[in-house]
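upload.cif follows; it contains mmCIF, C-alpha atoms.
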```
data_run
loop_
_atom_site.label_atom_id
_atom_site.label_comp_id
_atom_site.auth_asym_id
_atom_site.auth_seq_id
_atom_site.Cartn_x
_atom_site.Cartn_y
_atom_site.Cartn_z
CA MET A 1 25.59 -13.20 85.84
CA SER A 2 22.17 -14.61 84.84
CA LEU A 3 21.06 -15.45 81.31
CA LEU A 4 18.60 -12.55 81.37
CA HIS A 5 21.23 -9.98 82.28
CA THR A 6 23.59 -11.09 79.52
CA THR A 7 21.03 -11.41 76.72
CA LEU A 8 18.55 -8.56 77.24
CA THR A 9 20.54 -6.25 74.98
CA PRO A 10 19.85 -5.01 71.44
CA ALA A 11 22.74 -7.06 70.05
CA GLN A 12 21.37 -10.27 71.61
CA SER A 13 17.64 -9.58 71.25
CA LEU A 14 17.18 -8.20 67.74
CA PRO A 15 17.28 -10.04 64.38
CA ARG A 16 20.59 -10.50 62.62
CA ASP A 17 19.51 -7.97 59.99
CA ALA A 18 18.03 -5.56 62.53
CA GLU A 19 18.89 -2.52 60.43
CA ARG A 20 16.30 -3.51 57.82
CA ALA A 21 13.84 -5.47 59.99
CA LEU A 22 10.51 -3.78 60.68
CA LEU A 23 9.81 -4.57 64.34
CA VAL A 24 6.70 -3.58 66.28
CA GLY A 25 5.81 -4.35 69.86
CA ARG A 26 4.32 -3.05 73.05
CA LEU A 27 5.87 -1.52 76.12
CA TRP A 28 4.57 -0.45 79.48
CA LEU A 29 5.12 3.30 79.65
CA PRO A 30 4.82 4.53 83.26
CA GLY A 31 2.13 7.17 83.57
CA GLN A 32 0.55 6.09 80.29
CA GLY A 33 0.21 2.30 80.16
CA PRO A 34 0.55 -0.20 77.29
CA THR A 35 1.89 1.57 74.22
CA LEU A 36 2.31 0.34 70.65
CA VAL A 37 5.84 1.02 69.41
CA ALA A 38 8.25 0.39 66.55
CA VAL A 39 12.01 -0.05 66.73
CA GLN A 40 14.05 2.62 64.96
CA GLY A 41 17.76 2.81 65.58
CA ASP A 42 18.41 2.92 69.32
CA GLY A 43 14.89 4.02 70.22
CA LEU A 44 11.30 2.86 70.56
CA HIS A 45 8.80 5.08 68.76
CA GLU A 46 5.11 5.37 69.60
CA LEU A 47 2.61 4.30 66.93
CA SER A 48 -0.59 5.44 68.64
CA ALA A 49 -1.28 7.87 65.78
CA LEU A 50 -1.55 4.85 63.48
CA ALA A 51 -3.45 2.48 65.77
CA PRO A 52 -4.22 2.19 69.48
CA THR A 53 -3.53 -1.56 69.57
CA ALA A 54 -1.35 -4.11 67.81
CA SER A 55 -4.51 -5.88 66.73
CA GLU A 56 -5.82 -2.79 64.94
CA LEU A 57 -2.47 -2.05 63.32
CA LEU A 58 -2.42 -5.52 61.77
CA GLU A 59 -5.90 -4.96 60.35
CA ARG A 60 -4.36 -2.45 57.97
CA PRO A 61 -3.49 -4.14 54.66
CA ASP A 62 -0.60 -1.67 54.40
CA ALA A 63 0.63 -2.14 57.98
CA ALA A 64 4.33 -2.36 57.09
CA GLN A 65 4.21 0.58 54.69
CA ALA A 66 2.23 2.69 57.16
CA VAL A 67 4.74 2.09 59.96
CA ARG A 68 7.70 2.93 57.71
CA ALA A 69 5.97 6.10 56.50
CA ALA A 70 5.17 7.24 60.04
CA LEU A 71 8.76 6.70 61.14
CA ALA A 72 10.14 8.50 58.07
CA ALA A 73 7.78 11.46 58.51
CA GLY A 74 8.55 11.90 62.20
CA GLN A 75 4.96 11.01 63.13
CA ALA A 76 6.06 8.34 65.60
CA PRO A 77 7.72 10.12 68.53
CA ARG A 78 10.57 8.47 70.40
CA VAL A 79 9.29 7.41 73.83
CA ALA A 80 11.98 5.09 75.17
CA ASP A 81 15.57 3.99 74.75
CA LEU A 82 15.76 0.47 73.29
CA ALA A 83 18.74 -0.76 75.32
CA GLN A 84 17.42 0.62 78.60
CA THR A 85 13.95 -0.82 77.99
CA LEU A 86 15.31 -4.27 77.18
CA ALA A 87 17.46 -4.27 80.31
CA ASN A 88 14.52 -3.13 82.43
CA SER A 89 12.35 -5.93 81.03
CA SER A 90 14.02 -8.45 83.36
CA ALA A 91 11.44 -9.40 85.98
CA ALA A 92 14.23 -9.99 88.47
CA THR A 93 15.56 -6.43 88.44
CA ARG A 94 12.77 -4.32 86.93
CA ASP A 95 12.30 -0.70 87.97
CA GLU A 96 8.56 -0.12 87.55
CA GLY A 97 9.19 3.60 87.23
CA LEU A 98 10.83 2.96 83.85
CA PRO A 99 9.49 1.40 80.60
CA TRP A 100 9.64 -2.36 79.96
CA LEU A 101 8.54 -4.62 77.12
CA LEU A 102 5.23 -6.47 77.08
CA ALA A 103 4.16 -9.26 74.74
CA PRO A 104 3.84 -7.64 71.29
CA CYS A 105 0.21 -8.74 70.85
CA ASP A 106 -2.86 -7.49 72.71
CA LEU A 107 -6.46 -8.19 71.62
CA GLN A 108 -5.59 -11.14 69.40
CA ALA A 109 -6.68 -14.63 70.47
CA VAL A 110 -3.64 -16.76 71.37
CA LYS A 111 -3.90 -20.10 69.60
CA ALA A 112 -1.47 -22.97 69.19
CA SER A 113 -0.94 -25.84 66.77
CA GLY A 114 -0.02 -29.17 68.33
CA VAL A 115 1.79 -32.21 66.99
CA THR A 116 3.07 -30.58 63.80
CA PHE A 117 6.48 -32.32 63.78
CA VAL A 118 7.19 -36.06 63.79
CA ALA A 119 9.68 -35.80 66.66
CA SER A 120 7.27 -34.02 68.98
CA LEU A 121 4.44 -36.29 67.80
CA LEU A 122 6.32 -39.34 69.07
CA GLU A 123 7.02 -37.61 72.38
CA ARG A 124 3.30 -36.98 72.81
CA VAL A 125 2.61 -40.67 72.22
CA ILE A 126 5.26 -41.44 74.84
CA GLU A 127 3.63 -39.07 77.34
CA GLU A 128 0.30 -40.77 76.73
CA GLN A 129 1.64 -44.28 77.19
CA ALA A 130 3.73 -43.28 80.21
CA ARG A 131 0.63 -41.74 81.85
CA GLY A 132 2.74 -38.76 82.87
CA ASP A 133 5.50 -40.84 84.54
CA ALA A 134 8.86 -39.58 83.24
CA SER A 135 10.71 -42.68 84.51
CA ARG A 136 8.88 -44.85 81.95
CA ALA A 137 9.61 -42.63 78.98
CA GLU A 138 12.91 -44.05 77.77
CA ALA A 139 11.69 -47.65 77.61
CA ILE A 140 8.55 -46.59 75.73
CA ARG A 141 10.60 -44.42 73.38
CA SER A 142 12.81 -47.37 72.49
CA GLY A 143 9.84 -49.65 71.89
CA LEU A 144 8.03 -47.15 69.70
CA SER A 145 11.14 -46.56 67.60
CA LYS A 146 11.27 -50.27 66.80
CA VAL A 147 7.64 -50.24 65.68
CA LEU A 148 7.49 -46.88 63.91
CA GLY A 149 11.06 -46.25 62.79
CA ASP A 150 10.94 -43.54 60.15
CA ASN A 151 7.51 -44.59 58.89
CA LEU A 152 6.05 -41.15 59.59
CA ALA A 153 8.76 -39.05 57.97
CA GLY A 154 7.57 -37.31 54.82
CA ILE A 155 3.93 -38.30 55.19
CA VAL A 156 1.47 -35.61 54.15
CA PRO A 157 -1.24 -35.34 56.84
CA GLY A 158 -4.65 -36.35 55.55
CA SER A 159 -3.25 -38.08 52.45
CA ALA A 160 -4.03 -41.58 51.21
CA GLN A 161 -0.57 -42.64 52.35
CA ALA A 162 -1.32 -41.32 55.83
CA ALA A 163 -4.52 -43.38 55.91
CA GLN A 164 -2.53 -46.50 55.01
CA VAL A 165 -0.01 -45.83 57.77
CA LYS A 166 -2.88 -45.30 60.22
CA ALA A 167 -4.33 -48.70 59.32
CA LEU A 168 -0.91 -50.32 59.76
CA LEU A 169 -0.33 -48.73 63.15
CA ILE A 170 -3.79 -49.74 64.37
CA ALA A 171 -3.02 -53.32 63.34
CA GLN A 172 0.25 -53.14 65.30
CA GLY A 173 -1.46 -51.68 68.38
CA ALA A 174 0.54 -48.46 68.13
CA TRP A 175 -2.25 -46.00 67.26
CA SER A 176 -2.79 -42.92 69.40
CA GLN A 177 -4.97 -39.82 69.51
CA TYR A 178 -1.77 -37.84 68.91
CA LEU A 179 -1.10 -39.74 65.69
CA GLU A 180 -4.64 -38.85 64.62
CA VAL A 181 -3.90 -35.11 64.69
CA GLY A 182 -0.32 -35.62 63.54
CA ILE A 183 -1.07 -37.38 60.25
CA GLY A 184 -4.86 -37.20 60.00
CA PRO A 185 -6.79 -34.55 58.04
CA ASP A 186 -7.55 -32.32 61.04
CA ALA A 187 -4.80 -30.37 62.80
CA GLU A 188 -4.80 -29.84 66.54
CA ILE A 189 -5.57 -26.14 67.13
CA PHE A 190 -6.16 -25.13 70.75
CA THR A 191 -6.37 -21.97 72.82
CA LYS A 192 -3.04 -21.41 74.52
CA ALA A 193 -3.87 -18.38 76.67
CA PRO A 194 -6.58 -15.76 77.18
CA VAL A 195 -6.40 -12.42 75.43
CA LEU A 196 -3.72 -10.19 77.05
CA ALA A 197 -2.36 -13.05 79.21
CA ALA A 198 0.88 -13.62 77.27
CA VAL A 199 4.08 -12.22 78.78
CA GLY A 200 7.00 -10.65 76.96
CA THR A 201 10.76 -11.04 76.90
CA GLY A 202 12.46 -10.77 80.29
CA ALA A 203 9.32 -11.82 82.14
CA ASP A 204 8.98 -14.87 84.36
CA VAL A 205 7.22 -17.89 82.87
CA GLY A 206 5.24 -20.15 85.17
CA ILE A 207 4.98 -23.90 85.71
CA LEU A 208 2.73 -25.60 88.26
CA GLN A 209 4.47 -26.41 91.52
CA SER A 210 2.89 -29.88 91.39
CA SER A 211 4.43 -30.67 87.99
CA VAL A 212 7.54 -32.86 87.96
CA TRP A 213 7.88 -33.31 84.18
CA ASN A 214 7.68 -30.20 82.02
CA ASN A 215 9.56 -28.34 79.31
CA PRO A 216 9.82 -25.24 77.15
CA GLU A 217 8.46 -25.40 73.61
CA PRO A 218 10.33 -22.99 71.31
CA GLU A 219 8.12 -21.96 68.40
CA VAL A 220 7.47 -19.42 65.69
CA VAL A 221 4.23 -17.49 66.24
CA LEU A 222 2.35 -16.01 63.29
CA ALA A 223 0.53 -12.68 63.63
CA VAL A 224 -2.73 -13.16 61.71
CA ASN A 225 -5.40 -10.50 61.19
CA SER A 226 -9.17 -10.99 61.11
CA GLN A 227 -9.12 -11.70 57.36
CA GLY A 228 -6.75 -14.63 57.85
CA ARG A 229 -3.82 -12.68 56.41
CA VAL A 230 -0.44 -13.31 58.03
CA GLN A 231 1.17 -9.93 58.72
CA GLY A 232 4.33 -11.01 60.51
CA ALA A 233 5.90 -13.38 63.01
CA ALA A 234 7.45 -13.52 66.47
CA LEU A 235 9.04 -16.09 68.77
CA GLY A 236 7.08 -17.94 71.43
CA ASN A 237 7.43 -20.33 74.34
CA ASP A 238 4.46 -22.71 74.59
CA VAL A 239 5.38 -23.89 78.11
CA ASN A 240 4.11 -27.44 78.58
CA LEU A 241 3.49 -29.71 81.58
CA ARG A 242 4.22 -33.18 80.18
CA ASP A 243 3.08 -35.10 83.24
CA VAL A 244 -0.30 -33.35 83.31
CA GLU A 245 -1.04 -33.82 79.61
CA GLY A 246 0.33 -37.36 79.79
CA ARG A 247 -2.26 -38.33 82.40
CA SER A 248 -5.03 -37.32 79.99
CA ALA A 249 -5.25 -35.23 76.84
CA LEU A 250 -8.42 -33.78 78.37
CA LEU A 251 -6.14 -31.98 80.84
CA LEU A 252 -4.60 -29.96 78.01
CA GLY A 253 -5.96 -26.71 79.45
CA LYS A 254 -4.30 -27.37 82.81
CA ALA A 255 -1.08 -28.42 81.10
CA LYS A 256 -0.90 -25.38 78.83
CA ASP A 257 -2.73 -22.44 80.41
CA ASN A 258 -1.51 -21.20 83.77
CA ASN A 259 -0.25 -17.86 85.03
CA ALA A 260 2.59 -16.71 82.76
CA SER A 261 2.73 -19.99 80.85
CA CYS A 262 2.78 -18.24 77.46
CA ALA A 263 5.62 -15.98 76.32
CA ILE A 264 5.77 -14.11 72.98
CA GLY A 265 8.36 -11.65 71.77
CA PRO A 266 10.49 -9.72 71.75
CA PHE A 267 8.74 -8.05 68.78
CA ILE A 268 6.53 -8.93 65.83
CA ARG A 269 8.57 -8.68 62.65
CA LEU A 270 6.21 -7.39 59.96
CA PHE A 271 6.26 -8.88 56.48
CA ASP A 272 7.91 -6.69 53.87
CA ALA A 273 10.34 -6.99 50.97
CA HIS A 274 12.98 -8.47 53.29
CA PHE A 275 10.88 -10.92 55.31
CA ASP A 276 7.88 -12.98 54.19
CA MET A 277 6.21 -16.36 54.59
CA ASP A 278 8.97 -18.12 52.67
CA SER A 279 11.40 -16.62 55.19
CA VAL A 280 9.33 -18.14 57.98
CA ARG A 281 9.41 -21.56 56.32
CA ARG A 282 13.22 -21.46 56.44
CA ILE A 283 13.56 -20.44 60.09
CA THR A 284 15.48 -22.63 62.53
CA VAL A 285 14.52 -21.89 66.13
CA GLY A 286 17.23 -22.46 68.72
CA LEU A 287 16.79 -23.20 72.42
CA HIS A 288 19.22 -22.66 75.28
CA VAL A 289 18.32 -23.54 78.88
CA ALA A 290 20.71 -22.56 81.68
CA GLY A 291 19.90 -23.95 85.11
CA PRO A 292 20.83 -22.41 88.47
CA GLU A 293 22.87 -25.54 89.26
CA GLY A 294 24.97 -25.21 86.10
CA PHE A 295 22.89 -27.51 83.91
CA VAL A 296 22.87 -26.50 80.23
CA MET A 297 20.68 -27.82 77.44
CA GLU A 298 20.64 -26.74 73.81
CA GLY A 299 18.60 -27.76 70.80
CA SER A 300 16.98 -26.50 67.64
CA SER A 301 13.82 -26.89 65.60
CA SER A 302 13.70 -26.29 61.83
CA LEU A 303 10.43 -25.11 60.31
CA ALA A 304 11.52 -26.88 57.12
CA LYS A 305 10.61 -30.18 58.85
CA ILE A 306 7.05 -29.16 59.75
CA SER A 307 4.45 -31.68 58.58
CA ARG A 308 1.76 -29.10 57.77
CA ASP A 309 2.54 -25.89 55.95
CA PRO A 310 2.10 -22.80 58.16
CA LEU A 311 -0.59 -21.41 55.86
CA ALA A 312 -2.47 -24.71 56.04
CA LEU A 313 -2.50 -24.34 59.83
CA VAL A 314 -3.77 -20.77 59.50
CA ALA A 315 -6.56 -22.00 57.22
CA GLN A 316 -7.61 -24.58 59.82
CA ALA A 317 -7.58 -21.96 62.58
CA ILE A 318 -9.49 -19.11 60.91
CA GLY A 319 -11.88 -18.93 57.99
CA PRO A 320 -15.56 -19.44 57.21
CA GLN A 321 -15.79 -21.88 60.08
CA HIS A 322 -14.25 -19.62 62.74
CA ASP A 323 -14.01 -15.84 62.95
CA TYR A 324 -11.50 -13.88 65.02
CA PRO A 325 -12.53 -10.21 64.71
CA ASP A 326 -9.35 -9.05 66.47
CA GLY A 327 -7.07 -11.53 64.74
CA LEU A 328 -4.96 -14.22 66.36
CA MET A 329 -1.42 -15.19 67.26
CA LEU A 330 -0.81 -18.76 66.08
CA PHE A 331 1.98 -20.92 67.54
CA LEU A 332 3.19 -23.30 64.81
CA GLY A 333 4.37 -26.13 67.06
CA THR A 334 7.82 -27.47 67.83
CA MET A 335 9.89 -30.50 66.89
CA PHE A 336 12.05 -30.03 69.97
CA ALA A 337 11.00 -32.33 72.84
CA PRO A 338 13.93 -32.42 75.31
CA THR A 339 14.99 -35.84 76.55
CA GLN A 340 18.40 -35.00 78.07
CA ASP A 341 18.69 -36.50 81.57
CA ARG A 342 18.87 -33.85 84.28
CA HIS A 343 18.23 -35.52 87.63
CA GLY A 344 19.43 -39.04 86.91
CA PRO A 345 19.57 -41.76 84.25
CA GLY A 346 16.25 -42.30 82.53
CA GLN A 347 14.62 -39.27 84.15
CA GLY A 348 14.79 -37.03 81.08
CA PHE A 349 14.50 -33.27 81.23
CA THR A 350 12.32 -31.13 83.43
CA HIS A 351 12.50 -27.49 84.47
CA VAL A 352 13.64 -26.29 87.87
CA VAL A 353 12.84 -22.88 89.33
CA GLY A 354 15.45 -20.40 88.22
CA ASP A 355 16.05 -21.82 84.74
CA GLY A 356 16.87 -19.19 82.15
CA VAL A 357 15.30 -19.99 78.77
CA ARG A 358 16.51 -18.36 75.56
CA ILE A 359 14.63 -18.98 72.31
CA GLN A 360 16.29 -17.45 69.28
CA ALA A 361 16.23 -17.28 65.49
CA PRO A 362 18.44 -15.09 63.30
CA GLU A 363 15.37 -13.65 61.56
CA LEU A 364 13.42 -12.84 64.73
CA GLY A 365 15.94 -12.16 67.51
CA ALA A 366 15.64 -13.74 70.93
CA LEU A 367 12.96 -14.28 73.58
CA VAL A 368 14.38 -14.70 77.08
CA ASN A 369 12.50 -15.73 80.22
CA ARG A 370 13.10 -17.09 83.72
CA VAL A 371 11.16 -20.09 85.07
CA VAL A 372 9.24 -19.80 88.34
CA HIS A 373 6.23 -21.49 89.86
CA ALA A 374 3.02 -20.04 88.41
CA GLN A 375 1.90 -18.55 91.72
CA GLN A 376 5.21 -16.68 92.00
CA ALA A 377 4.92 -15.03 88.58
CA ALA A 378 3.65 -11.47 88.33
CA ARG A 379 -0.11 -11.44 88.76
CA TRP A 380 -2.13 -10.95 85.58
CA GLN A 381 -4.34 -7.99 86.48
CA PHE A 382 -4.46 -5.84 83.33
CA GLY A 383 -7.20 -7.42 81.23
CA ILE A 384 -9.54 -6.28 78.47
CA THR A 385 -11.61 -3.99 80.71
CA ALA A 386 -8.47 -2.27 81.99
CA LEU A 387 -7.15 -1.83 78.45
CA MET A 388 -10.41 -0.29 77.21
CA ARG A 389 -10.50 2.14 80.15
CA ASN A 390 -6.87 3.04 79.56
CA LEU A 391 -7.31 3.70 75.84
CA ALA A 392 -10.50 5.67 76.44
CA GLY A 393 -8.73 7.81 79.04
CA ARG A 394 -6.01 8.58 76.49
CA GLY A 395 -8.57 9.48 73.81
CA LEU A 396 -7.55 6.58 71.56
CA LEU A 397 -10.93 4.90 71.06
CA GLY A 398 -12.60 7.51 68.86
CA GLY A 399 -13.68 6.75 65.28
#
```

Structure re-expressed in structure tokens:
Amino acid sequence: MSLLHTTLTPAQSLPRDAERALLVGRLWLPGQGPTLVAVQGDGLHELSALAPTASELLERPDAAQAVRAALAAGQAPRVADLAQTLANSSAATRDEGLPWLLAPCDLQAVKASGVTFVASLLERVIEEQARGDASRAEAIRSGLSKVLGDNLAGIVPGSAQAAQVKALLIAQGAWSQYLEVGIGPDAEIFTKAPVLAAVGTGADVGILQSSVWNNPEPEVVLAVNSQGRVQGAALGNDVNLRDVEGRSALLLGKAKDNNASCAIGPFIRLFDAHFDMDSVRRITVGLHVAGPEGFVMEGSSSLAKISRDPLALVAQAIGPQHDYPDGLMLFLGTMFAPTQDRHGPGQGFTHVVGDGVRIQAPELGALVNRVVHAQQAARWQFGITALMRNLAGRGLLGG
């Protein structure tokens, strides 16, 4: 039985404290279209009376309280069974006549922070020096470890100490553009995917057929409104083509943004008395990859080891210098850069078609996807124009 079939259940997909977690998301409701919902018990309850989109819901300063009040007052009708919807979210077995989960965001920009952990920073330097050739990675990794050691651990980006380390590394010939954004004053913030392009749990995620060195990137994703206020968090997979980015950092768009290369879900957990930014700072994100040939890889990434505080990343992404009127979803980066050999000694890790990827955290549940080539993933055809027409047809754009 595949990873998707065994993990797309409430017990496997919801947070450990699901009974008190306030979870909102979006599902495709046949005959209606994309629908904003909240989890309550064994059901999914429509929130259209509160807001037509996830973006608009998060604009409410009282978003969590408003959702709880609507659920308590019976103003959020039950529209789907949670267990059945999760099971039907598997792209491999989906019945399009029944509801399935979408990414929990809609009109928000999808942004990502790069090189926010020392471990992943070093892997980016390795990609750069290897020029995208995975067979050279191990030798470069060993050489860099001798030069850098633990010199970067504990350094505050942009600090005087960071400037001293930069000067030392330049003198040793070990400087890199990735080190610049890793310990310099300016974070790397890039656009991961267009609005509405992210896929949800159970969906296929896509890699380029031409890529021979790629990996999942398990991350926490912050849900930020237009005022720069973080309203909640979800899990994300910032799928990355290491060989493409390794050839040139200017190919970041090709390495990061392809059909179905961004997954977010299963739900956004809203901040409330039980879950807040300090909770996010303590999250450890786990990764499990199960290959069709029996290959298994596991790892984890602790937000406690992030080099820039999540709110500092938010401040660099949105503020007086950059508006996002519909808010944004911000990937916080990952420290997990897989190096486990899969196809032979020194070859490291790369995906194969059919991999099942599970990204989990006790506070946020689990995001599960299957890897395919990008051209084999479901076509992205429901964009902003389609959403506006749909909402207008349902009478949800008034006022």

Exercise. List the neighbours of Pro157 (chain A) out to 9 Å using only C-alpha atoms; skip same-chain residues closer than 3 positions along the sequence, and give me the result as a PyMOL selection string.
Key: chain A and resi 160-163+181-187+307-308

I would like the residues chosen by the PyMOL selection byres ((chain A and resi 256) around 9) on the shown file; could you give them as a PDB file with C-alpha atoms, in the coordinates of the input?
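See part_11.pdb below for the written result:
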```pdb
ATOM      1  CA  THR A 191      -6.370 -21.970  72.820  1.00  0.00           C
ATOM      2  CA  LYS A 192      -3.040 -21.410  74.520  1.00  0.00           C
ATOM      3  CA  ALA A 193      -3.870 -18.380  76.670  1.00  0.00           C
ATOM      4  CA  ASP A 238       4.460 -22.710  74.590  1.00  0.00           C
ATOM      5  CA  VAL A 239       5.380 -23.890  78.110  1.00  0.00           C
ATOM      6  CA  ASN A 240       4.110 -27.440  78.580  1.00  0.00           C
ATOM      7  CA  LEU A 241       3.490 -29.710  81.580  1.00  0.00           C
ATOM      8  CA  GLU A 245      -1.040 -33.820  79.610  1.00  0.00           C
ATOM      9  CA  LEU A 251      -6.140 -31.980  80.840  1.00  0.00           C
ATOM     10  CA  LEU A 252      -4.600 -29.960  78.010  1.00  0.00           C
ATOM     11  CA  GLY A 253      -5.960 -26.710  79.450  1.00  0.00           C
ATOM     12  CA  LYS A 254      -4.300 -27.370  82.810  1.00  0.00           C
ATOM     13  CA  ALA A 255      -1.080 -28.420  81.100  1.00  0.00           C
ATOM     14  CA  ASP A 257      -2.730 -22.440  80.410  1.00  0.00           C
ATOM     15  CA  ASN A 258      -1.510 -21.200  83.770  1.00  0.00           C
ATOM     16  CA  SER A 261       2.730 -19.990  80.850  1.00  0.00           C
ATOM     17  CA  CYS A 262       2.780 -18.240  77.460  1.00  0.00           C
TER      18      CYS A 262
END
```

Quiz item: Taking into account only C-alpha atoms, which residue in the set A:Leu71, A:Leu311, A:Leu47, A:Leu36 is nearest to Asp106 (chain A)?
Solution: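 Result for the nearest residue to Asp106 (chain A): A:Leu36.
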
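Across A:Glu180, A:Gly33, A:Ala38, A:Arg342, the tightest approach to Ala386 (chain A) is made by A:Gly33 when counting only C-alpha atoms.
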
Quiz item: Between CA of Gly294 (chain A) and CA of Ile264 (chain A), what is the spacing in Å?
Solution: 25.8 Å

Quiz item: Can you tell me, as a VMD selection string, what residues are no more than 9 Å from Ala64 (chain A) when counting all atoms listed in the file, ignoring any on the same chain fewer than 4 positions away?
Solution: chain A and resid 22 58 60 68 to 69 231 270 to 272

Quiz prompt | Nearest to Trp380 (chain A), chosen from A:Leu23, A:Ile189, A:Ala137, A:Leu196, with all atoms listed in the file counted in the distances | solution = A:Leu196

Quiz item: What does the distance from CA of Pro320 (chain A) to CA of Ala223 (chain A) come to in Å, to one decimal?
Solution: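 Computed distance, CA of Pro320 (chain A) to CA of Ala223 (chain A), equals 18.6 Å.
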
Exercise. Would you kindly identify which residues have an atom no farther than 9 Å from (21.1, -10.2, 64.3), using only C-alpha atoms and the file's own coordinates, and write them out as a list of chain:residue names?
Key: A:Pro10, A:Ala11, A:Gln12, A:Ser13, A:Leu14, A:Pro15, A:Arg16, A:Asp17, A:Ala18, A:Glu19, A:Ala361, A:Pro362, A:Glu363, A:Leu364, A:Gly365

Quiz item: How would you write, as a list in words, the residues chosen by the PyMOL selection byres ((chain A and resi 82-94) around 7) on this structure?
Solution: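 When the PyMOL selection byres ((chain A and resi 82-94) around 7) is applied to the shown file, the picked residues are Leu4, Leu8, Thr9, Pro10, Asp42, Gly43, Leu44, Ala80, Asp81, Asp95, Glu96, Pro99, Trp100, Leu101, Thr201, Gly202, Ala203 and Asp204 of chain A.
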